[in-house]
Amino acid sequence: MRKTEDYAECTYCGKTEKADYICVESHYICEECRLAKPEEIVRKTCMSTKMLDPLKVAVLIMKHPAIPIHGPEHHYIVSCSILASLRNLGVFNIDGFTFGRAISRAKRIVYGSCGLLGVCGAAAGVGIAVSIALNANMMSDKERSLAMKATSEALDAIQRLGGPRCCKLSTYTAIITAVRFFKIELGISIPMNENLTPCWFRFRNSECLKEKCPYYV
Amino acid sequence: MAENWRLINLPMLNMKKYLAMLEAIFRSRRENKTHDSLIVFNGYRSVILGGSSSYSEGVNHEVCKRTGTEIVRAESVSRKIIYEDEGSLNIAFIAHASALKSKAERYIPVLSEYEAINEAILEGLKNYNMTFKSSPECLCIGNSKLVETLPYWFYDYLMYHAVIHLDTNLENYKRILSHEALKEKGEITSLALELGRKLRSEVVLKEIVRGVRKQLNINFENSTLTSEEKALADKLYRVKYSRMEWVKNRKAPFLSGMGKTTVEIFVAYPPTSKGRELIKTVKEAISGFDDKVEVKVWMRGRGLSQHGENAEMSPALRMAEKANIIPAVIINGELKFKEDIPDVNMLRKAIIKAVYL
């Protein structure tokens, strides 16, 4: 981190302003984003991003200081990152309110639901993204089935990894599963080229799965 | 080579003062100001609430009043409630885990340290020719507890307070604990009851010290509390152990390692203009008594490691981080100012109040 007086664009919301600190790679976070709550930073980032790779969006959000190593924030990070990517690809009609809807749905999934309910919130986040993209509800036919299938595929991929839980690993896995799902079930190719290895968060996570995790080293 | 430990025999005091002294010695050890210690002191008629055990539900208050039993609360990771009196003997191990874990054949964190201490106590008791059962929580004869323990950890530092029932009044014990607490505890016994004769505590203590020395391969040097430990013990007694707020609700000021008033500033990372202004205001507010106050700036999302090894964050700061209360000023573990920059005089007043608590 170094001090500056130059103008810089906020990496999260895209606003350009006179900067105070920028990182060694010239990234800047505006004051408003530095103070933002987790859901605000997720919404702002997803509204402004031009990125097509949902993993890149998710990793950027997870690097924000408001996002803890583990927690229910990851549930909506998954859905919003996927929806942001779909919007940027121009395949679905996704506007600013969409992210609010995704967040409000994902917030109903409690902390620790993976162990307590048998449903990882990150997996449910994939279902939320599919449900919103396809406009599904409990009365829908195929759309409802697809939303549930998306959740179950993500859930299956996450359960294979074992525990204890790592919300970063679940987020990566859920998004990778979602990308495959959109390709197979809906014929939509979502680009994905973020290099997750080694995991950026491995030293901050005291319960890191280390060698058990495919992204550890 | 055998390590040197301090052997501290505390004078006759009351249990609240004993506990304040134990914490002072523990804090001094974790700050690396002293080396490992074995502290011994006489039993005192009291009921010790461990960790978060319930003041209202764990104890029969009426009997406590009638028998003159003091209710106290100890720092402990265990929720045990222990009764002791003049017939009991207290020993406390305050050590870095490295002094204990090397004794384990197959090291299991936490349990191996407890095992090493229990083995040392058992070595001291072996001449009584009894069959003891050792578990991480206690030492038993049959299924009855003879030695009860209250362990407490700070990173790799352990304070292990053991109450040995030499001739504890077991009838009182049963009456003083609530029905539920007693049911949870199971059977209690005393060495006098098991042997059918009274024992002199000095003799047992001597044996235990011998056992600890042999089993842990250490040397003891007779010692007392350092002046810094004494001052800290006085402060801890005054602001924590003697207060009902601690005994009833486990609430105490969050002090620095050696007992200074703590001012924690919670700001964004990197700090915003407001955060920088807040840091400046706090520095201005503490001028004149900087030596009594420890200021720590915590940046959101940077974790405990931003303040190096063995850093400690108050529970209030954790709450502020969870609830996104930023920026914030927390004094002695209490959220005092949030979101806006306080007036420097108001802030100074709040800090002075905490310093002269």
# chains A, B, ... in the order shown; residues from 1 in each chain; ligands from 1

$ interface_residues --of "chain A" --to "chain B" --cutoff "12 Å" --atoms "only C-alpha atoms" --output "JSON, numbers by chain"
{"A": [1, 2, 3, 19, 20, 21, 22, 23, 27, 28, 29, 30, 31, 32, 33, 34, 35, 36, 37, 38, 39, 40, 62, 63, 64, 65, 66, 67, 68, 69, 70, 71, 72, 73, 201, 203, 204, 205, 206]}

$ select_by_dssp --residues "segment 5-121 of chain A" --states "strand (DSSP E)" --output "list in words"
Tyr7, Ala8, Glu9, Thr16, Glu17, Lys18, Tyr21 and Ile22 of chain A

$ residues_around --residues "Asn4 of chain B" --least-positions-apart "6" --cutoff "10 Å" --atoms "only C-alpha atoms" --output "JSON, numbers by chain"
{"B": [35, 36, 37, 213, 217, 218, 219, 220, 221]}

$ write_last_selection --atoms "N, CA and C atoms" --output "PDB file, in the first residue's frame"
ATOM      1  N   HIS B  35       9.199 -16.671  34.156  1.00  0.00           N
ATOM      2  CA  HIS B  35       9.135 -18.024  33.600  1.00  0.00           C
ATOM      3  C   HIS B  35       8.025 -18.841  34.256  1.00  0.00           C
ATOM      4  N   ASP B  36       7.992 -20.121  33.919  1.00  0.00           N
ATOM      5  CA  ASP B  36       6.889 -20.970  34.384  1.00  0.00           C
ATOM      6  C   ASP B  36       6.859 -21.037  35.914  1.00  0.00           C
ATOM      7  N   SER B  37       5.661 -21.225  36.449  1.00  0.00           N
ATOM      8  CA  SER B  37       5.521 -21.201  37.912  1.00  0.00           C
ATOM      9  C   SER B  37       4.569 -22.278  38.405  1.00  0.00           C
ATOM     10  N   ARG B 213       8.333 -31.984  40.424  1.00  0.00           N
ATOM     11  CA  ARG B 213       9.753 -31.787  40.084  1.00  0.00           C
ATOM     12  C   ARG B 213      10.270 -32.999  39.301  1.00  0.00           C
ATOM     13  N   ASN B 217      10.651 -32.956  35.302  1.00  0.00           N
ATOM     14  CA  ASN B 217      12.099 -32.746  35.222  1.00  0.00           C
ATOM     15  C   ASN B 217      12.433 -31.251  35.309  1.00  0.00           C
ATOM     16  N   ILE B 218      12.053 -30.653  36.417  1.00  0.00           N
ATOM     17  CA  ILE B 218      12.286 -29.220  36.605  1.00  0.00           C
ATOM     18  C   ILE B 218      12.926 -28.957  37.977  1.00  0.00           C
ATOM     19  N   ASN B 219      13.498 -27.772  38.105  1.00  0.00           N
ATOM     20  CA  ASN B 219      13.992 -27.325  39.404  1.00  0.00           C
ATOM     21  C   ASN B 219      13.087 -26.198  39.886  1.00  0.00           C
ATOM     22  N   PHE B 220      12.892 -26.153  41.181  1.00  0.00           N
ATOM     23  CA  PHE B 220      12.088 -25.053  41.722  1.00  0.00           C
ATOM     24  C   PHE B 220      12.975 -24.050  42.427  1.00  0.00           C
ATOM     25  N   GLU B 221      12.631 -22.778  42.283  1.00  0.00           N
ATOM     26  CA  GLU B 221      13.279 -21.756  43.097  1.00  0.00           C
ATOM     27  C   GLU B 221      12.165 -21.053  43.864  1.00  0.00           C
TER      28      GLU B 221
END

$ residues_around --residues "Leu155 of chain A" --least-positions-apart "5" --cutoff "9 Å" --atoms "only C-alpha atoms" --output "list in words"
Gly118, Val119, Cys120, Ala122, Ala123, Ala124, Ala150, Arg160, Ser170 and Ala174 of chain A

$ closest_residue --among "A:Leu146, A:Ile176, A:Met192, A:Cys167" --to "Gly121 of chain A" --atoms "only C-alpha atoms"
A:Cys167

$ residues_around --residues "Leu89 of chain A" --least-positions-apart "6" --cutoff "12 Å" --atoms "only C-alpha atoms" --output "list in words"
Thr49, Lys50, Met51, Leu52, Asp53, Pro54, Ile82, Leu83, Ile188, Ser189, Ile190 and Pro191 of chain A

$ write_last_selection --atoms "N, CA, C and O atoms" --output "mmCIF file, in the first residue's frame"
data_model
loop_
_atom_site.group_PDB
_atom_site.id
_atom_site.type_symbol
_atom_site.label_atom_id
_atom_site.label_comp_id
_atom_site.auth_asym_id
_atom_site.auth_seq_id
_atom_site.Cartn_x
_atom_site.Cartn_y
_atom_site.Cartn_z
ATOM 1 N N THR A 49 -19.371 -4.089 -12.322
ATOM 2 C CA THR A 49 -18.305 -4.874 -12.979
ATOM 3 C C THR A 49 -18.600 -5.146 -14.463
ATOM 4 O O THR A 49 -19.753 -5.289 -14.861
ATOM 5 N N LYS A 50 -17.501 -5.203 -15.190
ATOM 6 C CA LYS A 50 -17.628 -5.552 -16.627
ATOM 7 C C LYS A 50 -17.072 -6.966 -16.853
ATOM 8 O O LYS A 50 -17.004 -7.443 -17.970
ATOM 9 N N MET A 51 -16.657 -7.594 -15.759
ATOM 10 C CA MET A 51 -16.026 -8.906 -15.881
ATOM 11 C C MET A 51 -17.023 -9.963 -16.321
ATOM 12 O O MET A 51 -18.186 -9.936 -15.915
ATOM 13 N N LEU A 52 -16.533 -10.916 -17.106
ATOM 14 C CA LEU A 52 -17.388 -12.011 -17.575
ATOM 15 C C LEU A 52 -17.203 -13.271 -16.730
ATOM 16 O O LEU A 52 -18.080 -14.120 -16.694
ATOM 17 N N ASP A 53 -16.052 -13.369 -16.097
ATOM 18 C CA ASP A 53 -15.730 -14.567 -15.313
ATOM 19 C C ASP A 53 -16.291 -14.433 -13.885
ATOM 20 O O ASP A 53 -15.825 -13.593 -13.117
ATOM 21 N N PRO A 54 -17.286 -15.257 -13.542
ATOM 22 C CA PRO A 54 -17.888 -15.123 -12.200
ATOM 23 C C PRO A 54 -16.905 -15.424 -11.069
ATOM 24 O O PRO A 54 -17.046 -14.891 -9.967
ATOM 25 N N ILE A 82 -22.538 -14.890 -10.280
ATOM 26 C CA ILE A 82 -23.060 -15.579 -11.477
ATOM 27 C C ILE A 82 -23.983 -14.649 -12.256
ATOM 28 O O ILE A 82 -23.889 -14.521 -13.480
ATOM 29 N N LEU A 83 -24.869 -13.956 -11.529
ATOM 30 C CA LEU A 83 -25.827 -13.055 -12.201
ATOM 31 C C LEU A 83 -25.102 -11.889 -12.891
ATOM 32 O O LEU A 83 -25.488 -11.467 -13.977
ATOM 33 N N ILE A 188 -25.374 -22.062 -22.437
ATOM 34 C CA ILE A 188 -24.731 -20.743 -22.275
ATOM 35 C C ILE A 188 -23.286 -20.939 -21.819
ATOM 36 O O ILE A 188 -23.038 -21.551 -20.780
ATOM 37 N N SER A 189 -22.348 -20.403 -22.609
ATOM 38 C CA SER A 189 -20.925 -20.527 -22.237
ATOM 39 C C SER A 189 -20.507 -19.323 -21.420
ATOM 40 O O SER A 189 -20.552 -18.199 -21.901
ATOM 41 N N ILE A 190 -20.141 -19.589 -20.206
ATOM 42 C CA ILE A 190 -19.651 -18.511 -19.335
ATOM 43 C C ILE A 190 -18.130 -18.645 -19.270
ATOM 44 O O ILE A 190 -17.639 -19.698 -18.862
ATOM 45 N N PRO A 191 -17.387 -17.621 -19.689
ATOM 46 C CA PRO A 191 -15.930 -17.763 -19.632
ATOM 47 C C PRO A 191 -15.421 -17.865 -18.200
ATOM 48 O O PRO A 191 -15.966 -17.217 -17.303
#

$ select_by_dssp --residues "segment 5-114 of chain B" --states "alpha helix (DSSP H)" --output "ChimeraX atom specification"
/B:15-30,55-58,61-67,98-101,111-114

$ residues_around --residues "Glu229 of chain B" --least-positions-apart "5" --cutoff "12 Å" --atoms "only C-alpha atoms" --output "CSV table (one decimal) with N, CA, C and O atoms, in the first residue's frame"
chain,number,residue,atom,x,y,z
B,20,ALA,N,-7.0,-13.3,41.7
B,20,ALA,CA,-6.4,-12.1,41.1
B,20,ALA,C,-4.9,-12.3,40.9
B,20,ALA,O,-4.3,-12.0,39.9
B,21,MET,N,-4.3,-12.9,41.9
B,21,MET,CA,-2.9,-13.2,41.9
B,21,MET,C,-2.6,-14.2,40.8
B,21,MET,O,-1.6,-14.0,40.0
B,22,LEU,N,-3.4,-15.2,40.7
B,22,LEU,CA,-3.1,-16.2,39.6
B,22,LEU,C,-3.2,-15.6,38.3
B,22,LEU,O,-2.3,-15.8,37.4
B,23,GLU,N,-4.2,-14.7,38.0
B,23,GLU,CA,-4.3,-14.1,36.7
B,23,GLU,C,-3.1,-13.2,36.5
B,23,GLU,O,-2.6,-13.1,35.4
B,24,ALA,N,-2.7,-12.5,37.5
B,24,ALA,CA,-1.5,-11.6,37.4
B,24,ALA,C,-0.3,-12.3,37.0
B,24,ALA,O,0.5,-11.9,36.1
B,25,ILE,N,-0.1,-13.5,37.6
B,25,ILE,CA,1.1,-14.3,37.3
B,25,ILE,C,1.0,-14.9,35.9
B,25,ILE,O,2.0,-14.9,35.1
B,26,PHE,N,-0.2,-15.2,35.6
B,26,PHE,CA,-0.5,-15.8,34.2
B,26,PHE,C,-0.2,-14.7,33.1
B,26,PHE,O,0.5,-15.0,32.1
B,27,ARG,N,-0.7,-13.5,33.4
B,27,ARG,CA,-0.5,-12.4,32.4
B,27,ARG,C,1.0,-12.1,32.3
B,27,ARG,O,1.5,-11.8,31.2
B,28,SER,N,1.7,-12.1,33.4
B,28,SER,CA,3.1,-11.8,33.4
B,28,SER,C,3.9,-12.9,32.6
B,28,SER,O,4.8,-12.6,31.9
B,29,ARG,N,3.4,-14.1,32.7
B,29,ARG,CA,4.1,-15.2,32.0
B,29,ARG,C,3.8,-15.1,30.5
B,29,ARG,O,4.7,-15.2,29.7
B,31,GLU,N,3.3,-12.5,28.9
B,31,GLU,CA,4.0,-11.4,28.3
B,31,GLU,C,5.5,-11.6,28.4
B,31,GLU,O,6.3,-10.7,28.2
B,33,LYS,N,7.5,-12.0,30.9
B,33,LYS,CA,8.2,-11.2,31.9
B,33,LYS,C,8.7,-12.1,33.0
B,33,LYS,O,9.6,-11.7,33.8
B,34,THR,N,8.2,-13.3,33.1
B,34,THR,CA,8.7,-14.3,34.1
B,34,THR,C,8.7,-15.7,33.4
B,34,THR,O,8.3,-15.8,32.3
B,224,THR,N,8.4,-15.1,45.1
B,224,THR,CA,7.2,-14.4,45.4
B,224,THR,C,6.7,-13.7,44.2
B,224,THR,O,7.4,-13.7,43.1
B,234,ASP,N,-3.4,-6.4,42.4
B,234,ASP,CA,-4.3,-5.4,43.1
B,234,ASP,C,-5.3,-4.9,42.2
B,234,ASP,O,-6.5,-4.7,42.5
B,235,LYS,N,-4.9,-4.5,41.0
B,235,LYS,CA,-5.8,-3.9,40.0
B,235,LYS,C,-6.9,-4.9,39.6
B,235,LYS,O,-8.1,-4.6,39.6
B,236,LEU,N,-6.4,-6.2,39.3
B,236,LEU,CA,-7.4,-7.2,38.9
B,236,LEU,C,-8.4,-7.5,40.0
B,236,LEU,O,-9.6,-7.7,39.8
B,237,TYR,N,-7.9,-7.5,41.3
B,237,TYR,CA,-8.8,-7.7,42.4
B,237,TYR,C,-9.9,-6.5,42.4
B,237,TYR,O,-11.1,-6.8,42.6
B,257,GLY,N,-2.1,-6.8,28.3
B,257,GLY,CA,-1.4,-7.9,29.0
B,257,GLY,C,-1.1,-7.6,30.4
B,257,GLY,O,-1.4,-8.4,31.3
B,258,MET,N,-0.4,-6.5,30.7
B,258,MET,CA,0.0,-6.2,32.1
B,258,MET,C,-1.0,-5.2,32.7
B,258,MET,O,-0.6,-4.5,33.7
B,259,GLY,N,-2.2,-5.1,32.2
B,259,GLY,CA,-3.3,-4.4,32.9
B,259,GLY,C,-3.5,-2.9,32.6
B,259,GLY,O,-4.2,-2.2,33.3

$ residues_around --residues "Glu264 of chain B" --least-positions-apart "3" --cutoff "8 Å" --atoms "only C-alpha atoms" --output "mmCIF file with N, CA, C and O atoms, in the first residue's frame"
data_model
loop_
_atom_site.group_PDB
_atom_site.id
_atom_site.type_symbol
_atom_site.label_atom_id
_atom_site.label_comp_id
_atom_site.auth_asym_id
_atom_site.auth_seq_id
_atom_site.Cartn_x
_atom_site.Cartn_y
_atom_site.Cartn_z
ATOM 1 N N VAL B 295 -2.988 1.882 23.155
ATOM 2 C CA VAL B 295 -3.874 2.159 22.012
ATOM 3 C C VAL B 295 -3.548 1.165 20.900
ATOM 4 O O VAL B 295 -2.394 0.963 20.561
ATOM 5 N N LYS B 296 -4.595 0.564 20.366
ATOM 6 C CA LYS B 296 -4.400 -0.353 19.244
ATOM 7 C C LYS B 296 -5.346 0.028 18.113
ATOM 8 O O LYS B 296 -6.549 0.186 18.342
ATOM 9 N N VAL B 297 -4.789 0.182 16.928
ATOM 10 C CA VAL B 297 -5.626 0.469 15.763
ATOM 11 C C VAL B 297 -5.858 -0.859 15.044
ATOM 12 O O VAL B 297 -4.909 -1.531 14.655
ATOM 13 N N TRP B 298 -7.116 -1.223 14.933
ATOM 14 C CA TRP B 298 -7.469 -2.463 14.227
ATOM 15 C C TRP B 298 -8.083 -2.089 12.886
ATOM 16 O O TRP B 298 -9.043 -1.333 12.844
ATOM 17 N N LEU B 317 -14.878 -5.516 20.105
ATOM 18 C CA LEU B 317 -14.364 -5.197 18.774
ATOM 19 C C LEU B 317 -14.806 -6.248 17.750
ATOM 20 O O LEU B 317 -15.153 -5.934 16.620
ATOM 21 N N VAL B 329 -14.665 3.384 18.578
ATOM 22 C CA VAL B 329 -13.665 3.452 19.652
ATOM 23 C C VAL B 329 -14.167 2.588 20.801
ATOM 24 O O VAL B 329 -15.298 2.762 21.280
ATOM 25 N N ILE B 330 -13.336 1.656 21.224
ATOM 26 C CA ILE B 330 -13.702 0.732 22.303
ATOM 27 C C ILE B 330 -12.720 0.938 23.454
ATOM 28 O O ILE B 330 -11.508 0.834 23.258
ATOM 29 N N ILE B 331 -13.260 1.298 24.623
ATOM 30 C CA ILE B 331 -12.383 1.551 25.771
ATOM 31 C C ILE B 331 -12.591 0.447 26.807
ATOM 32 O O ILE B 331 -13.724 0.201 27.230
#

$ atom_distance --atom1 "atom CA of Val78 of chain A" --atom2 "atom CA of Gly127 of chain A"
9.8 Å

$ closest_residue --among "A:Thr11, A:Ser113, A:Ser26, A:Ser48" --to "Ala84 of chain A" --atoms "only C-alpha atoms"
A:Ser48

$ atom_distance --atom1 "atom CA of Cys46 of chain A" --atom2 "atom CA of Ile94 of chain A"
10.7 Å
